[in-house]
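What follows is a set of notes on a single structure, which appears directly below.
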Amino acid sequence: MDYSFRGLRAKYFDMTKKQGGELCSLRYDLTVPFARYVAMNGITSFKRYHIAKVYRRDNPSKGRYREFYQCDFDIAGQYETMGPDFEVIKVMTELLDELSIGDYEVKLNHRKLLDGMLDICGVPPEKFRTICSSIDKLDKQSFEQIRKEMVEEKGLTVEIADKIGTFVKERGPPLELLSKLKQEGSQFLENKGSLVALNELQILFEALAASKCIDKVIFDLSLARGLDYYTGVIFEAVFKGATQVGSIAAGGRYDNLIGMFGTKQVPAVGVSLGIERVFTIMEQLQKDQNQATRATKTQVLVSILGDDLSLAAKVVSELWSARLKAEYMVNKRVMKHIERAKSSRIPWMVIVGERELNDGIVKLKDVEAAKEEEIPRDRLVEELQRRLNGLSA
C-alpha cells in the first residue's frame, strides 16, 4: 500500500514485494485507510472510532515504538462550519480528562494561517511544505537551529528566516491571541488564506469556550504538524508532567485526502491518541505514588477449600449477579489460594471450607492487611459491597 506520500514512504516504510510483484508495507496510520474506505464505498457522511496497531520505521526510545496502538476518532462529511473540528477536540479533551493522567495542553494552529504567515514573510509557495517541516521541529530544537536549517539547507534569506522567527514565537490563550492577530493593520487580514483561517478559528474558539474546554487549548503559531494532507485546523495534545513522551494525541482537518482515492472530495477531520504513550505516563504516575500495577480488575477471589465446583459456582454466581468482579478457585490447600490472591493483587478473599459450610458462615479476608473476619453466609454480598465502596465497618 503506497498511500501516495513519497516523503512518508521514504522516511517511515520498509517496502517489500510479494510474489505477484506488487509493493506492500505495514500500515502507517488509521487515517489513510479510513479515507480509502470512505472513498471506495461512496460514503458522504460518517463518524467512526477505530483502535488498531500501526507501524513506523523509527528508532525505539521512550515514547517511540515501531509497533503500537492508535485510537482514532474521525468525522467525514459536510456539516456546519467548524462543527466537526469542535467535536473532535471536545472528545479528545474529555478522553484525556477521564484518563486522569494529570495536566496537559492542546496546542492548536491552522494550516491556512501557517501558509499565510509564510507568504507574508516572503517564502516562495513551492517551499511552504519544506519550511513547515522545519518549523515542526521547534518543540525539539531551538529557533537558532531551525533558522540555520532554513537558511543553509533550504535556501531562505536571513531576513525571511528572522521574520518567521517573530511569528512562530506567538502563543497564548486562544481568544486573546486571535484578537491580537485580527487587530486593525494586521498583515494577516491582508492575506486571503489567513483571513479565512482567522474567521474559522473565531467560530471554533467561541464553541470551545461555550463547552468549557478552551482552558486546555493554547493557540500556538509554531505548530505545523508534519503530514502534508492537513488543510485546516491542526492540534496536538502534550503532557505537561515530568514524563516526556512527545505528543499523546494529535490530529486536524484533511479535506482533500478522501478525494485522492475516489472521484468525490469529502471533507473530514479527526484525532488520533497514542495508547502506549498514555500507558507510559500512567505507569510513571503509579510509581510516583508507590502504587503497583494490578494485573487484573478482579475484586474478590472465591476460595473453595476442597473439590466442590458446584459450591464455587453457586457463590461466585451470586457475586457476579451483584456486578462484583470475582473469580473462583477450587483447591484443598489454603496457601495456594492466598498465593493466587497476592500474585494477582486481588484485595479480598471469600474462604469457604467444610467448617464454614456447616456453620453457615464464610471467612472474609483482607489480603493486604492479612486480616480475616467471619460473617453470616447470607450477608456476603452486602458486606462485600460495603467494603468495596469504601464504607467503614
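If you're wondering about the labels, chains in the C-alpha cells are A, B, ... by order shown, residues count from 1 in each chain, ligands from 1 in order shown.
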
*Enumerate as a ChimeraX atom specification all residues of segment 150-326 of chain A assigned to strand (DSSP E) by DSSP on the backbone, naming them with the chain letters and numbers the document uses.*
/A:171-172,217-220,233-239,247-253,268-274,300-304,326

Residue subset to file, keeping N, CA, C and O atoms, as a tab-separated table (two decimals), in the first residue's frame:
```
chain	number	residue	atom	x	y	z
A	171	ARG	N	2.35	32.60	21.02
A	171	ARG	CA	1.48	31.55	21.58
A	171	ARG	C	0.78	32.11	22.81
A	171	ARG	O	1.30	33.00	23.48
A	172	GLY	N	-0.42	31.63	23.07
A	172	GLY	CA	-1.14	32.13	24.23
A	172	GLY	C	-2.58	31.68	24.26
A	172	GLY	O	-3.02	30.85	23.44
A	217	VAL	N	-6.61	24.64	25.80
A	217	VAL	CA	-6.10	24.93	24.46
A	217	VAL	C	-5.15	26.12	24.48
A	217	VAL	O	-5.41	27.14	25.12
A	218	ILE	N	-4.03	25.98	23.76
A	218	ILE	CA	-3.08	27.06	23.55
A	218	ILE	C	-2.97	27.31	22.05
A	218	ILE	O	-2.70	26.39	21.27
A	219	PHE	N	-3.23	28.54	21.64
A	219	PHE	CA	-3.07	28.93	20.23
A	219	PHE	C	-1.58	29.15	20.00
A	219	PHE	O	-0.97	30.04	20.61
A	220	ASP	N	-0.97	28.33	19.15
A	220	ASP	CA	0.49	28.29	19.00
A	220	ASP	C	0.85	28.36	17.52
A	220	ASP	O	0.62	27.41	16.77
A	233	VAL	N	-7.55	23.29	10.47
A	233	VAL	CA	-7.14	23.26	11.87
A	233	VAL	C	-6.23	22.06	12.14
A	233	VAL	O	-6.48	20.95	11.64
A	234	ILE	N	-5.16	22.27	12.90
A	234	ILE	CA	-4.28	21.20	13.35
A	234	ILE	C	-4.08	21.36	14.85
A	234	ILE	O	-4.13	22.48	15.38
A	235	PHE	N	-3.90	20.25	15.55
A	235	PHE	CA	-3.76	20.33	17.00
A	235	PHE	C	-2.95	19.14	17.52
A	235	PHE	O	-2.82	18.12	16.84
A	236	GLU	N	-2.44	19.31	18.72
A	236	GLU	CA	-1.54	18.31	19.30
A	236	GLU	C	-1.63	18.43	20.83
A	236	GLU	O	-1.42	19.51	21.38
A	237	ALA	N	-1.95	17.34	21.51
A	237	ALA	CA	-2.02	17.34	22.97
A	237	ALA	C	-0.67	16.89	23.54
A	237	ALA	O	-0.12	15.88	23.12
A	238	VAL	N	-0.17	17.66	24.49
A	238	VAL	CA	1.14	17.39	25.08
A	238	VAL	C	1.00	17.31	26.59
A	238	VAL	O	0.40	18.19	27.22
A	239	PHE	N	1.56	16.27	27.20
A	239	PHE	CA	1.54	16.10	28.65
A	239	PHE	C	2.53	17.07	29.28
A	239	PHE	O	3.66	17.21	28.81
A	247	SER	N	4.00	14.04	21.86
A	247	SER	CA	2.55	14.29	21.85
A	247	SER	C	1.81	13.01	22.21
A	247	SER	O	2.22	11.91	21.83
A	248	ILE	N	0.71	13.14	22.94
A	248	ILE	CA	-0.08	11.97	23.32
A	248	ILE	C	-1.33	11.83	22.46
A	248	ILE	O	-1.94	10.77	22.42
A	249	ALA	N	-1.69	12.89	21.77
A	249	ALA	CA	-2.81	12.85	20.83
A	249	ALA	C	-2.63	14.00	19.85
A	249	ALA	O	-2.07	15.04	20.19
A	250	ALA	N	-3.10	13.81	18.63
A	250	ALA	CA	-2.92	14.85	17.60
A	250	ALA	C	-3.90	14.60	16.46
A	250	ALA	O	-4.44	13.51	16.31
A	251	GLY	N	-4.10	15.64	15.68
A	251	GLY	CA	-4.98	15.49	14.53
A	251	GLY	C	-5.18	16.78	13.80
A	251	GLY	O	-4.43	17.75	13.97
A	252	GLY	N	-6.24	16.82	13.00
A	252	GLY	CA	-6.53	18.01	12.22
A	252	GLY	C	-7.50	17.73	11.10
A	252	GLY	O	-8.04	16.63	10.97
A	253	ARG	N	-7.72	18.76	10.29
A	253	ARG	CA	-8.66	18.67	9.17
A	253	ARG	C	-7.91	18.28	7.90
A	253	ARG	O	-6.83	18.81	7.61
A	268	ALA	N	-13.09	16.14	5.92
A	268	ALA	CA	-13.01	15.30	7.12
A	268	ALA	C	-12.05	15.92	8.13
A	268	ALA	O	-11.17	16.70	7.79
A	269	VAL	N	-12.24	15.53	9.39
A	269	VAL	CA	-11.35	15.97	10.47
A	269	VAL	C	-11.28	14.82	11.47
A	269	VAL	O	-12.25	14.08	11.65
A	270	GLY	N	-10.13	14.66	12.11
A	270	GLY	CA	-10.00	13.55	13.05
A	270	GLY	C	-8.90	13.77	14.06
A	270	GLY	O	-8.09	14.70	13.95
A	271	VAL	N	-8.87	12.89	15.05
A	271	VAL	CA	-7.86	12.92	16.10
A	271	VAL	C	-7.37	11.50	16.36
A	271	VAL	O	-8.13	10.54	16.21
A	272	SER	N	-6.11	11.38	16.71
A	272	SER	CA	-5.52	10.08	17.00
A	272	SER	C	-4.79	10.15	18.33
A	272	SER	O	-4.02	11.07	18.58
A	273	LEU	N	-5.05	9.16	19.19
A	273	LEU	CA	-4.41	9.09	20.51
A	273	LEU	C	-3.46	7.89	20.54
A	273	LEU	O	-3.83	6.79	20.14
A	274	GLY	N	-2.22	8.13	21.01
A	274	GLY	CA	-1.24	7.05	21.13
A	274	GLY	C	-1.39	6.34	22.47
A	274	GLY	O	-1.06	6.90	23.52
A	300	VAL	N	-12.58	-9.81	44.07
A	300	VAL	CA	-12.80	-10.87	45.06
A	300	VAL	C	-12.39	-12.22	44.48
A	300	VAL	O	-12.74	-12.54	43.34
A	301	LEU	N	-11.65	-12.98	45.29
A	301	LEU	CA	-11.35	-14.37	44.94
A	301	LEU	C	-12.19	-15.28	45.83
A	301	LEU	O	-12.05	-15.26	47.06
A	302	VAL	N	-13.09	-16.05	45.23
A	302	VAL	CA	-13.88	-17.02	45.97
A	302	VAL	C	-13.03	-18.29	46.10
A	302	VAL	O	-12.75	-18.96	45.10
A	303	SER	N	-12.62	-18.59	47.32
A	303	SER	CA	-11.70	-19.70	47.58
A	303	SER	C	-12.45	-20.86	48.22
A	303	SER	O	-12.86	-20.79	49.39
A	304	ILE	N	-12.64	-21.92	47.48
A	304	ILE	CA	-13.32	-23.12	47.97
A	304	ILE	C	-12.25	-24.14	48.38
A	304	ILE	O	-11.47	-24.62	47.54
A	326	ALA	N	-15.42	-10.89	40.29
A	326	ALA	CA	-14.98	-12.02	41.11
A	326	ALA	C	-14.44	-13.16	40.25
A	326	ALA	O	-14.83	-13.34	39.10
```

*Would you please extract all helix (DSSP H, G or I) residues from segment 150-344 of chain A, as assigned by DSSP on the backbone, and give them as a PyMOL selection string?*
chain A and resi 150-153+158-168+174-181+187-190+192-210+214-216+258-261+275-288+309-321+334-343

_Residues near Gln265 of chain A, cut-off 9 Å, only C-alpha atoms, skip fewer than 5 positions along chain, as a PyMOL selection string_ = chain A and resi 39+44+255-260

Keeping only C-alpha atoms, take the residues you just selected and write them out as a CSV table (one decimal), in the first residue's frame.
```
chain,number,residue,atom,x,y,z
A,39,ALA,CA,-14.0,6.9,-1.0
A,44,THR,CA,-20.6,11.1,2.1
A,255,ASP,CA,-10.4,18.0,3.3
A,256,ASN,CA,-8.6,16.6,0.2
A,257,LEU,CA,-7.4,13.2,1.3
A,258,ILE,CA,-10.6,11.2,0.6
A,259,GLY,CA,-10.8,12.5,-2.9
A,260,MET,CA,-7.3,11.0,-3.6
```

*For each of A:Phe205, A:Tyr65, A:Phe167, A:Phe128, take the minimum atom-to-atom distance to Gly83 of chain A, counting only C-alpha atoms, then give the residue where this is smallest.*
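Nearest to Gly83 of chain A: A:Phe205.
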
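Residues surrounding segment 327-336 of chain A within 9 Å are A:Thr298, A:Gln299, A:Val300, A:Leu301, A:Val302, A:Ser303, A:Ile304, A:Leu305, A:Gly306, A:Asp307, A:Asp308, A:Leu309, A:Ala312, A:Ala313, A:Val315, A:Val316, A:Arg340, A:Ala341, A:Ile351, A:Gly353 [only C-alpha atoms; sequence separation below 4 positions excluded].
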
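Of the listed residues A:Thr296, A:Ser211, A:Gln244, A:Thr263, the one whose atoms come nearest to Ile89 of chain A is A:Ser211, with distances taken using only C-alpha atoms.
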
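Counting only C-alpha atoms, the residue from A:Lys297, A:Lys216, A:Lys53, A:Lys112 that sits nearest to Lys90 of chain A is A:Lys216.
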
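Non-sequential neighbours of segment 354-361 of chain A (distance at most 7 Å, separation of 5 or more positions within a chain, only C-alpha atoms) are A:Glu374, A:Ile375, A:Pro376, A:Arg377.
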
Write out, as a tab-separated table (two decimals), in the first residue's frame, the residues just selected, with C-alpha atoms.
```
chain	number	residue	atom	x	y	z
A	374	GLU	CA	-16.28	-14.47	59.89
A	375	ILE	CA	-19.63	-13.23	58.58
A	376	PRO	CA	-23.02	-14.91	58.05
A	377	ARG	CA	-23.27	-16.58	54.65
```
